[in-house]
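Trainee: Structure provided below as structure tokens; questions to follow.
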Amino acid sequence: MEFLLTVAELGLSLLLIVFSVVVVEAWRRRNSNVSVETVIALEDPKSLKEIPCPHISDPAEKYLSLIVPAYNEEQRLPAALEETMDYLQDRATKDKSFSFEVVIVDDGSVDGTKRVALDFVRKYTVDNIRVIPLGKNQGKGEAIRKGMMHCRGELLLMLDADGATKITDLERLENQILAVAREENSIRDPASKHTDFRIGDVQVSAFGSRAHLEEKALASRKWYRNFLMKGFHLVVLMAAGPGIRDTQCGFKMFTRAAARRLFSNVHLKRWCFDVELVFLCKRFNIPMLEISVNWSEIPGSKVNMLSIPNMLWELALMSVGYRTGMWKIHHA
């Protein structure tokens, strides 16, 4: 009996701590004198002049934006960017209506990541590649949010800097989004013609997934790693509900309308923002597609077993934040 009381007391203490953190964070955000969306100045490394920074609320100027969060990626970024640019330029050559941009968000790197990124800007021009420097490390979730909020595409793809997912797989997500968006648009406005259809105006999301690789991964990992991952997936299921089997794959695509609504509301700044995206998609009734992608393990990953406690902490914050109403949802 004493043991059960001790466990209960520990659970209550943890809940109070989480609640306190959420209250403090909500107060800090509400009373901060600095706007959450400060104006970002983008620099053209060729002319050394500042260029206007777009916002997600502006009309789209490109067909596709690729958002690449980068933290200390000096070694892995060049190969991934070269492969990406080869694909994008080849597609633009074949399809004159195809336009794109790559937005690299330097998340406070302390190595040569920013230098490498700016070298690519010089090579491919600031119209095709842009760099958003965050100054200090804020987390992958915040880096992606910043990129999403300041890009120009009708379709917005987030992808990791290591190139673990084949860039050509974006067409799998794109084609499925186009199909669902056309259906959603015809339901919303039966009289509309396809010629009037703008993909960015319909809310749809597509989640790249490695779930089809799970059986092979289970066989190759240690038993305790499988135990921890299964436990994490269970907590994710409890926090966000069913619908997406692989929430953590870094390859996701959104229409501009969906991204505007989702990333205006995301609170989590580090690992579990993906889970919050699933939660928000359900809250806003944004269609979610889970699509298998080709994926390979790239050395240098910053996620390890020690990351799981931090992920669980973020999930607890999210659960308490939304359940208590401390985290507000904006329906703009």
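Labels for the structure tokens follow display order: chains A, B, ..., residues from 1 in each chain, ligands from 1.
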Env of stretch 253-266 of chain A: 6 Å cut, atoms = only C-alpha atoms, seq-sep filter 6 positions within chain, self excluded. Answer as a list in words.
Mentor: Ile56, Arg145, Glu154, Leu155, Leu156, Leu157, Gly200, Asp201, Val202, Gln203, Val204, Ser205 and Ala206 of chain A
Trainee: So that each row is one residue of stretch 150-193 of chain A with an atom at most 10 Å from stretch 59-67 of chain A, can you give its shortest atom pair and the distance in Å to one decimal, using only C-alpha atoms, rows by chain and rising number, as CSV?
Mentor:
```
residue,atom,partner,partner_atom,distance
A:His150,CA,A:Ile67,CA,9.8
A:Cys151,CA,A:Ser65,CA,6.5
A:Arg152,CA,A:Ala60,CA,5.0
A:Gly153,CA,A:Lys62,CA,4.5
A:Glu154,CA,A:Tyr63,CA,4.9
A:Leu155,CA,A:Leu64,CA,4.9
A:Leu156,CA,A:Ser65,CA,4.8
A:Leu157,CA,A:Leu66,CA,4.8
A:Met158,CA,A:Ile67,CA,4.7
A:Leu159,CA,A:Ile67,CA,6.3
A:Asp160,CA,A:Ile67,CA,8.4
A:Ala161,CA,A:Ile67,CA,9.4
A:Leu170,CA,A:Leu66,CA,10.0
A:Glu174,CA,A:Leu64,CA,9.7
```
Trainee: Could you save the residues just selected, with N, CA and C atoms, as a short mmCIF file (atom, residue, chain, number, x, y, z; two decimals), in the first residue's frame?
Mentor:
```cif
data_model
loop_
_atom_site.label_atom_id
_atom_site.label_comp_id
_atom_site.auth_asym_id
_atom_site.auth_seq_id
_atom_site.Cartn_x
_atom_site.Cartn_y
_atom_site.Cartn_z
N HIS A 150 7.97 31.39 -43.86
CA HIS A 150 8.64 32.38 -44.72
C HIS A 150 9.07 31.79 -46.06
N CYS A 151 8.17 31.01 -46.67
CA CYS A 151 8.47 30.46 -47.99
C CYS A 151 7.39 30.89 -48.97
N ARG A 152 7.57 30.50 -50.25
CA ARG A 152 6.73 31.05 -51.31
C ARG A 152 5.94 30.01 -52.10
N GLY A 153 5.95 28.75 -51.70
CA GLY A 153 5.38 27.70 -52.52
C GLY A 153 3.89 27.45 -52.35
N GLU A 154 3.29 26.86 -53.38
CA GLU A 154 1.92 26.33 -53.29
C GLU A 154 1.94 25.03 -52.47
N LEU A 155 2.99 24.24 -52.71
CA LEU A 155 3.23 23.02 -51.94
C LEU A 155 4.50 23.20 -51.13
N LEU A 156 4.48 22.75 -49.88
CA LEU A 156 5.61 22.93 -48.98
C LEU A 156 6.08 21.56 -48.48
N LEU A 157 7.33 21.24 -48.75
CA LEU A 157 7.89 19.95 -48.35
C LEU A 157 8.98 20.18 -47.31
N MET A 158 8.87 19.51 -46.16
CA MET A 158 9.95 19.51 -45.18
C MET A 158 10.74 18.22 -45.36
N LEU A 159 12.06 18.34 -45.34
CA LEU A 159 12.92 17.17 -45.51
C LEU A 159 14.21 17.38 -44.73
N ASP A 160 14.81 16.28 -44.28
CA ASP A 160 16.01 16.35 -43.47
C ASP A 160 17.24 16.69 -44.31
N ALA A 161 18.25 17.24 -43.65
CA ALA A 161 19.46 17.68 -44.34
C ALA A 161 20.37 16.54 -44.73
N LEU A 170 9.22 12.77 -53.42
CA LEU A 170 8.29 13.87 -53.20
C LEU A 170 7.13 13.78 -54.18
N GLU A 174 3.24 14.40 -53.62
CA GLU A 174 2.62 15.42 -54.46
C GLU A 174 1.41 14.88 -55.22
#
```
Trainee: Give me every alpha helix (DSSP H) residue in stretch 70-285 of chain A, going by DSSP on the backbone, as number ranges by chain.
Mentor: A: 77-94, 113-124, 140-149, 170-188, 214-220, 223-240, 256-263, 273-284
Trainee: Restricting the calculation to only C-alpha atoms, which member of A:Ala79, A:Leu315, A:Leu268, A:Ile177 is positioned closest to A:Ile291?
Mentor: A:Ile177
